[in-house]
Amino acid sequence: MADKLITAAIVVVVVPAVLIVYIWATEQVLRFLPEGRKPRVRPWLWLGPALAFLAVFLIYPMVGTFVRSFQNHPGTEFVGLDNYAWFIGSSDALSALKNNILWLVFLTLGVVGLGLLVAVLVDRVRYETIAKSVIFVPLAISMVAAGVIWLYMYQYKPPGAIQTGTLNAAIGVFGLGPVPWLQVQEFSVNTFMLIVVMTWMWTGFAMVIISAALKGINPELMEAARVDGATEFQVFRGIIFPLLVPTLVVVSTTMIITALKAFDIVFTMTSGNLETNVIANLMYAEMFKFSQYGRASAIAVVLLLAIIPIMVFNIGRFRQQEAVR
Amino acid sequence: MSRRFKWLMPITVVALVLGACTTTTTGDGKTVTVIGTWTDAEEAAFLAMVKPWEDETGNTVKYQGTRSINDILAAGVPTGVLPDLAGLPGPGQMAEYAAAGALKPLDDVLDVSTYTSETSPGLVSLGQVDGKTYGVFIKAAVKGLIWYNPQAHDYSTSPPATWDEVASMGAANMGDAESLWCLGIESGDASGWPATDWVENILLRQAGPDVYNDWWAGNIPWTDPAIKTAFETYMEVVDHSYGGGTNAVATKFDLAGDPMFASPPGCEFFQQASFITGLGAFADKTAGTDYNAFAFPAFNEQYAGAVEGAGDLFGMFHDTDAAKSLMKYLVTADAQDIWVQAGGALSANKNADSYPDDISRTMGGMIANATSFVFDASDQMPSAMNAAFWSHMVSLTAGQETVDEALAALQEVADDAYAE
């Protein structure tokens, strides 16, 4: 107990003190510089600690992961591309990769499509705030909790027993089912059931951003079109949609990255069984369950390489927008 | 069961290692740090068990219960950040830690002749590496017990002794039960393990302990006819289970036996380890009147009396005087009696038999009198093999794979997992 109090005291008192001393010290150093150079040097000194943290906790591990991906199981010698060869040759890894592509395509389409639909529709009703709040709430739920909630939604009981799962109870009203939703491997139905959970969570996010962009569109443009006799659909297609495209691209790239990182939902709901595994789960298992650090690192590198082009595209897009402003 | 919360591991590892591995001195007595898998009621039972030792010696036990023992020890052995005493995940890991020099031999700590005379030979040999004792069992569990509801039909006087008798007597006494077996294999990221227990228990009695031990050690291919027969026997059980394979995959292992107590009953029999009595509907029922169990039936007379079990192996990482004294105390009948009285545990010491009910006493007898005692096979496989075994049992039970497909895929994993 005493140890913990001391630790807490250090965190509360010493850390801010160190930061203040650091800022004071940098100002002392800056005094020795000529006046003209100060504005150029100061930002770097202020950024220093953050950059150091990034280097230690992000860049160093990244390089380490890269190196480790070329090493054998105990990390004693380099084995070239063996770990990558394992990845390409393993049916589990390829099945996970296929699922990640399903996630990438359908999560992005679902979230952006539904987000756009909801944003455009609620823009026209009086209870907009309430409707948006309701759709946004799932984003505040932790993914593990969402997984558990949806396990109950998809719950299966044998035919004849009382169906306690919401979905099976609902279709039971029409005399259908019960369906073991998370066990149907045909057409990857179980993977789609997991994607639905994530879509439910992230639609609110897409909706909020798209809705904000929608409010930014000059209403006079739409009025002018309506006066000229355009139908609502033509207004949407000809004016609203083109103006929303930059926003939709940003939301889409965010969702693509989210899909590639998908882990929690799969882990809590199926733990990757019955062909529902994804890359992130595979990496976790190789790393923490099987202690295959080399292979886990190779998976991490593959995942990183897959995300980099999207990141570059996203940053480029962001720069363009900044340039317009 | 200990695997259910394994996903909490990354969070707890750091906290536990920091919290439990510092040896401090309080007052006159020494502190012994202990890490075990026991939490809640089991933790209370363990603390009650060490209380007399604390009172006598003036030392204190600093106990930390965690489900991620494997990961903590795996991280601790190379770095040396280890507790004084710890529960060990299984004989395989024990041998690894002993080879790494982290575990201290107990031959000079324990009174070996008393220990071996009081403990079932199967358990003694599981704790040995190259003739030296590194691990002792503090308590044990029997796997592969067949549970039934005596109010539906009482099998206690003449339990089915063979697999065929289970089928024939089960069919004769079925009453209005919907099916022969209850089956549930869902268990979070360890889903499938109850099915691996099934296969292990069948294989042990069809092919014997030697084949069983060669199998988990990777010396027999998965595609071997003996393994295939065991898998096929398991699939018969799936076909005769309540709700079929689909329901088994969708049902949590601890609640799987519940339909046995329903009216009309969902099933007649339910195979699970001795620890099920603390879980699901069993927890609210009375032993003997509401539920009872018989031993897993024999397939081959030659191997009758073989028992599959699990147990809490215990080893010593720091040989301080206090740690040695505690280790010596824990294997005594007096100490183990305390836990046995609390219920839910079977003693490893033959002289500790203060069981709260007859069922526990019978199960304790199974361990003491076992002609051969084998440890849970899947727990002793390399972790990648174990995980694949669990996962393919899920696919198999769900009907998404045939036995041949599953065995071929498992052999592919084995080629890789046993290679290193």
# chains A, B, ... in the order shown; residues from 1 in each chain; ligands from 1

$ interface_residues --of "chain A" --to "chain B" --cutoff "9 Å" --atoms "only C-alpha atoms" --output "PyMOL selection string"
chain A and resi 73+155-159+180+182-185+267-275+285-286+288-291

$ write_last_selection --atoms "C-alpha atoms" --output "PDB file, in the first residue's frame"
ATOM      1  CA  HIS A  73      11.742 -19.332 -33.203  1.00  0.00           C
ATOM      2  CA  GLN A 155     -27.668 -17.414 -29.221  1.00  0.00           C
ATOM      3  CA  TYR A 156     -28.777 -20.831 -30.402  1.00  0.00           C
ATOM      4  CA  LYS A 157     -30.923 -23.346 -28.561  1.00  0.00           C
ATOM      5  CA  PRO A 158     -31.942 -26.704 -30.033  1.00  0.00           C
ATOM      6  CA  PRO A 159     -35.236 -26.792 -31.983  1.00  0.00           C
ATOM      7  CA  PRO A 180     -26.676 -21.382 -35.405  1.00  0.00           C
ATOM      8  CA  LEU A 182     -21.944 -18.230 -35.754  1.00  0.00           C
ATOM      9  CA  GLN A 183     -21.466 -21.801 -36.990  1.00  0.00           C
ATOM     10  CA  VAL A 184     -22.577 -21.452 -40.621  1.00  0.00           C
ATOM     11  CA  GLN A 185     -19.381 -21.551 -42.666  1.00  0.00           C
ATOM     12  CA  PHE A 267     -11.785 -12.985 -30.177  1.00  0.00           C
ATOM     13  CA  THR A 268     -14.802 -12.666 -27.884  1.00  0.00           C
ATOM     14  CA  MET A 269     -17.410 -14.168 -30.189  1.00  0.00           C
ATOM     15  CA  THR A 270     -15.829 -17.110 -32.018  1.00  0.00           C
ATOM     16  CA  SER A 271     -12.133 -16.971 -31.058  1.00  0.00           C
ATOM     17  CA  GLY A 272     -11.424 -17.569 -34.707  1.00  0.00           C
ATOM     18  CA  ASN A 273     -12.977 -21.039 -34.770  1.00  0.00           C
ATOM     19  CA  LEU A 274     -14.972 -22.321 -37.746  1.00  0.00           C
ATOM     20  CA  GLU A 275     -13.043 -20.301 -40.313  1.00  0.00           C
ATOM     21  CA  ALA A 285      -2.096 -16.571 -31.027  1.00  0.00           C
ATOM     22  CA  GLU A 286       1.365 -16.962 -32.576  1.00  0.00           C
ATOM     23  CA  PHE A 288       1.131 -15.022 -26.810  1.00  0.00           C
ATOM     24  CA  LYS A 289      -0.070 -18.600 -27.082  1.00  0.00           C
ATOM     25  CA  PHE A 290       2.622 -20.295 -29.150  1.00  0.00           C
ATOM     26  CA  SER A 291       5.579 -17.950 -28.395  1.00  0.00           C
TER      27      SER A 291
END

$ select_by_dssp --residues "range 186-283 of chain B" --states "strand (DSSP E or B)" --output "list in words"
Glu186, Ser187, Asp189, Ser241, Lys252, Cys267, Glu268, Phe269, Phe270, Gln271 and Gln272 of chain B

$ residues_around --residues "Tyr154 in chain A" --least-positions-apart "2" --cutoff "9 Å" --atoms "only C-alpha atoms" --output "NGL selection string"
:A and (150-152 or 156 or 165-168 or 179-182 or 193)

$ residues_around --residues "Glu118 in chain B" --least-positions-apart "3" --cutoff "8 Å" --atoms "only C-alpha atoms" --output "list in words"
Thr114, Tyr115, Asn349, Lys350 and Asn351 of chain B

$ residues_around --residues "His240 in chain B" --least-positions-apart "4" --cutoff "8 Å" --atoms "only C-alpha atoms" --output "list in words"
Ser179, Leu180, Trp181, Glu236 and Gly244 of chain B

$ residues_around --residues "range 129-145 of chain B" --least-positions-apart "5" --cutoff "6 Å" --atoms "only C-alpha atoms" --output "PyMOL selection string"
chain B and resi 105-107+271-274+295-296+308-315+346-348

$ select_by_dssp --residues "range 260-315 of chain A" --states "helix (DSSP H, G or I)" --output "CSV table (one decimal) with N, CA and C atoms, in the first residue's frame"
chain,number,residue,atom,x,y,z
A,260,LEU,N,-8.8,-3.9,-41.0
A,260,LEU,CA,-7.5,-4.7,-41.0
A,260,LEU,C,-7.1,-5.0,-39.5
A,261,LYS,N,-7.5,-4.1,-38.6
A,261,LYS,CA,-7.1,-4.3,-37.2
A,261,LYS,C,-8.1,-5.1,-36.4
A,264,ASP,N,-11.0,-7.7,-31.5
A,264,ASP,CA,-11.8,-8.0,-30.3
A,264,ASP,C,-13.1,-8.7,-30.5
A,265,ILE,N,-13.8,-8.3,-31.6
A,265,ILE,CA,-15.1,-9.0,-31.9
A,265,ILE,C,-14.9,-10.4,-32.2
A,266,VAL,N,-13.9,-10.7,-33.0
A,266,VAL,CA,-13.7,-12.1,-33.4
A,266,VAL,C,-13.2,-12.9,-32.1
A,267,PHE,N,-12.3,-12.3,-31.4
A,267,PHE,CA,-11.8,-13.0,-30.2
A,267,PHE,C,-12.9,-13.3,-29.2
A,268,THR,N,-13.8,-12.4,-28.9
A,268,THR,CA,-14.8,-12.7,-27.9
A,268,THR,C,-15.9,-13.5,-28.4
A,269,MET,N,-16.2,-13.5,-29.7
A,269,MET,CA,-17.4,-14.2,-30.2
A,269,MET,C,-17.1,-15.6,-30.7
A,279,ILE,N,-6.4,-11.8,-39.3
A,279,ILE,CA,-4.9,-11.7,-39.2
A,279,ILE,C,-4.5,-11.3,-37.8
A,280,ALA,N,-5.2,-10.3,-37.2
A,280,ALA,CA,-4.8,-9.8,-35.9
A,280,ALA,C,-4.9,-10.9,-34.8
A,281,ASN,N,-5.9,-11.8,-34.9
A,281,ASN,CA,-6.1,-12.9,-34.0
A,281,ASN,C,-5.0,-13.9,-34.2
A,282,LEU,N,-4.6,-14.1,-35.4
A,282,LEU,CA,-3.6,-15.1,-35.8
A,282,LEU,C,-2.3,-14.6,-35.1
A,283,MET,N,-2.0,-13.3,-35.3
A,283,MET,CA,-0.8,-12.7,-34.7
A,283,MET,C,-0.8,-12.9,-33.2
A,284,TYR,N,-1.9,-12.6,-32.6
A,284,TYR,CA,-2.0,-12.8,-31.1
A,284,TYR,C,-1.7,-14.2,-30.7
A,285,ALA,N,-2.3,-15.2,-31.4
A,285,ALA,CA,-2.1,-16.6,-31.0
A,285,ALA,C,-0.6,-17.0,-31.2
A,286,GLU,N,0.0,-16.6,-32.3
A,286,GLU,CA,1.4,-17.0,-32.6
A,286,GLU,C,2.3,-16.3,-31.5
A,287,MET,N,1.9,-15.1,-31.1
A,287,MET,CA,2.8,-14.4,-30.2
A,287,MET,C,2.6,-14.9,-28.7
A,288,PHE,N,1.3,-14.8,-28.2
A,288,PHE,CA,1.1,-15.0,-26.8
A,288,PHE,C,0.8,-16.5,-26.5
A,289,LYS,N,0.3,-17.2,-27.4
A,289,LYS,CA,-0.1,-18.6,-27.1
A,289,LYS,C,1.1,-19.5,-27.5
A,293,TYR,N,7.6,-15.8,-31.9
A,293,TYR,CA,7.8,-14.4,-32.0
A,293,TYR,C,8.1,-14.0,-33.5
A,294,GLY,N,8.9,-14.9,-34.1
A,294,GLY,CA,9.3,-14.6,-35.5
A,294,GLY,C,8.1,-14.6,-36.4
A,295,ARG,N,7.2,-15.6,-36.3
A,295,ARG,CA,6.0,-15.6,-37.2
A,295,ARG,C,5.1,-14.5,-36.8
A,296,ALA,N,4.9,-14.2,-35.5
A,296,ALA,CA,4.0,-13.1,-35.1
A,296,ALA,C,4.6,-11.8,-35.7
A,297,SER,N,5.9,-11.6,-35.7
A,297,SER,CA,6.5,-10.4,-36.2
A,297,SER,C,6.2,-10.3,-37.8
A,298,ALA,N,6.4,-11.4,-38.4
A,298,ALA,CA,6.1,-11.5,-39.9
A,298,ALA,C,4.7,-11.0,-40.2
A,299,ILE,N,3.7,-11.5,-39.4
A,299,ILE,CA,2.3,-11.1,-39.6
A,299,ILE,C,2.2,-9.6,-39.4
A,300,ALA,N,2.8,-9.2,-38.3
A,300,ALA,CA,2.7,-7.7,-38.0
A,300,ALA,C,3.3,-6.9,-39.1
A,301,VAL,N,4.4,-7.4,-39.7
A,301,VAL,CA,5.0,-6.6,-40.9
A,301,VAL,C,4.0,-6.6,-42.1
A,302,VAL,N,3.4,-7.8,-42.3
A,302,VAL,CA,2.5,-7.9,-43.4
A,302,VAL,C,1.3,-6.9,-43.2
A,303,LEU,N,0.8,-6.9,-42.0
A,303,LEU,CA,-0.3,-6.0,-41.7
A,303,LEU,C,0.1,-4.5,-41.8
A,304,LEU,N,1.3,-4.2,-41.4
A,304,LEU,CA,1.8,-2.9,-41.5
A,304,LEU,C,2.0,-2.5,-43.0
A,305,LEU,N,2.5,-3.4,-43.8
A,305,LEU,CA,2.7,-3.1,-45.2
A,305,LEU,C,1.3,-2.9,-45.9
A,306,ALA,N,0.3,-3.6,-45.4
A,306,ALA,CA,-1.0,-3.4,-46.0
A,306,ALA,C,-1.6,-2.1,-45.6
A,307,ILE,N,-1.3,-1.6,-44.5
A,307,ILE,CA,-1.9,-0.4,-44.0
A,307,ILE,C,-1.2,0.9,-44.6
A,308,ILE,N,0.1,0.8,-44.8
A,308,ILE,CA,0.9,1.9,-45.2
A,308,ILE,C,0.3,2.7,-46.4
A,309,PRO,N,0.0,2.0,-47.5
A,309,PRO,CA,-0.5,2.7,-48.7
A,309,PRO,C,-1.8,3.5,-48.3
A,310,ILE,N,-2.6,2.9,-47.5
A,310,ILE,CA,-3.8,3.6,-47.1
A,310,ILE,C,-3.5,4.9,-46.3
A,311,MET,N,-2.5,4.7,-45.4
A,311,MET,CA,-2.1,5.9,-44.6
A,311,MET,C,-1.6,7.0,-45.5
A,312,VAL,N,-0.7,6.6,-46.4
A,312,VAL,CA,-0.1,7.6,-47.3
A,312,VAL,C,-1.2,8.3,-48.1
A,313,PHE,N,-2.1,7.5,-48.6
A,313,PHE,CA,-3.2,8.1,-49.4
A,313,PHE,C,-4.0,9.1,-48.5
A,314,ASN,N,-4.3,8.6,-47.3
A,314,ASN,CA,-5.0,9.5,-46.3
A,314,ASN,C,-4.3,10.8,-46.0
A,315,ILE,N,-3.0,10.7,-45.8
A,315,ILE,CA,-2.2,11.9,-45.5
A,315,ILE,C,-2.2,12.8,-46.7

$ atom_distance --atom1 "CA of Ile6 in chain A" --atom2 "CA of Val18 in chain A"
16.6 Å

$ residues_around --residues "Gly110 in chain A" --least-positions-apart "4" --cutoff "8 Å" --atoms "only C-alpha atoms" --output "MDAnalysis selection string"
chainID A and resid 106 114 199 203

$ write_last_selection --atoms "C-alpha atoms" --output "PDB file, in the first residue's frame"
ATOM      1  CA  PHE A 106     -18.113  -5.214 -46.380  1.00  0.00           C
ATOM      2  CA  LEU A 114     -25.481   3.207 -43.705  1.00  0.00           C
ATOM      3  CA  THR A 199     -21.030  -2.195 -38.545  1.00  0.00           C
ATOM      4  CA  THR A 203     -22.182   3.439 -38.303  1.00  0.00           C
TER       5      THR A 203
END

$ atom_distance --atom1 "CA of Leu102 in chain A" --atom2 "CA of Ile257 in chain A"
13.2 Å

$ decode --residues "range 198-209 of chain A" --atoms "N, CA and C atoms" --output "mmCIF file, in the first residue's frame"
data_model
loop_
_atom_site.group_PDB
_atom_site.id
_atom_site.type_symbol
_atom_site.label_atom_id
_atom_site.label_comp_id
_atom_site.auth_asym_id
_atom_site.auth_seq_id
_atom_site.Cartn_x
_atom_site.Cartn_y
_atom_site.Cartn_z
ATOM 1 N N MET A 198 -19.658 -5.157 -35.917
ATOM 2 C CA MET A 198 -18.760 -4.015 -36.066
ATOM 3 C C MET A 198 -19.466 -2.879 -36.804
ATOM 4 N N THR A 199 -20.283 -3.212 -37.793
ATOM 5 C CA THR A 199 -21.030 -2.195 -38.545
ATOM 6 C C THR A 199 -21.967 -1.455 -37.609
ATOM 7 N N TRP A 200 -22.631 -2.221 -36.749
ATOM 8 C CA TRP A 200 -23.548 -1.642 -35.757
ATOM 9 C C TRP A 200 -22.804 -0.617 -34.895
ATOM 10 N N MET A 201 -21.553 -0.963 -34.560
ATOM 11 C CA MET A 201 -20.789 -0.064 -33.697
ATOM 12 C C MET A 201 -20.339 1.195 -34.419
ATOM 13 N N TRP A 202 -19.868 1.057 -35.676
ATOM 14 C CA TRP A 202 -19.165 2.161 -36.335
ATOM 15 C C TRP A 202 -20.046 3.037 -37.207
ATOM 16 N N THR A 203 -21.299 2.614 -37.470
ATOM 17 C CA THR A 203 -22.182 3.439 -38.303
ATOM 18 C C THR A 203 -22.341 4.832 -37.696
ATOM 19 N N GLY A 204 -22.444 4.893 -36.375
ATOM 20 C CA GLY A 204 -22.608 6.183 -35.699
ATOM 21 C C GLY A 204 -21.445 7.123 -35.970
ATOM 22 N N PHE A 205 -20.249 6.560 -36.015
ATOM 23 C CA PHE A 205 -19.041 7.352 -36.285
ATOM 24 C C PHE A 205 -19.107 7.969 -37.678
ATOM 25 N N ALA A 206 -19.423 7.121 -38.690
ATOM 26 C CA ALA A 206 -19.511 7.605 -40.068
ATOM 27 C C ALA A 206 -20.616 8.654 -40.171
ATOM 28 N N MET A 207 -21.743 8.370 -39.519
ATOM 29 C CA MET A 207 -22.890 9.274 -39.580
ATOM 30 C C MET A 207 -22.531 10.665 -39.055
ATOM 31 N N VAL A 208 -21.843 10.729 -37.931
ATOM 32 C CA VAL A 208 -21.512 12.018 -37.321
ATOM 33 C C VAL A 208 -20.624 12.851 -38.247
ATOM 34 N N ILE A 209 -19.626 12.200 -38.816
ATOM 35 C CA ILE A 209 -18.696 12.935 -39.687
ATOM 36 C C ILE A 209 -19.388 13.377 -40.973
#
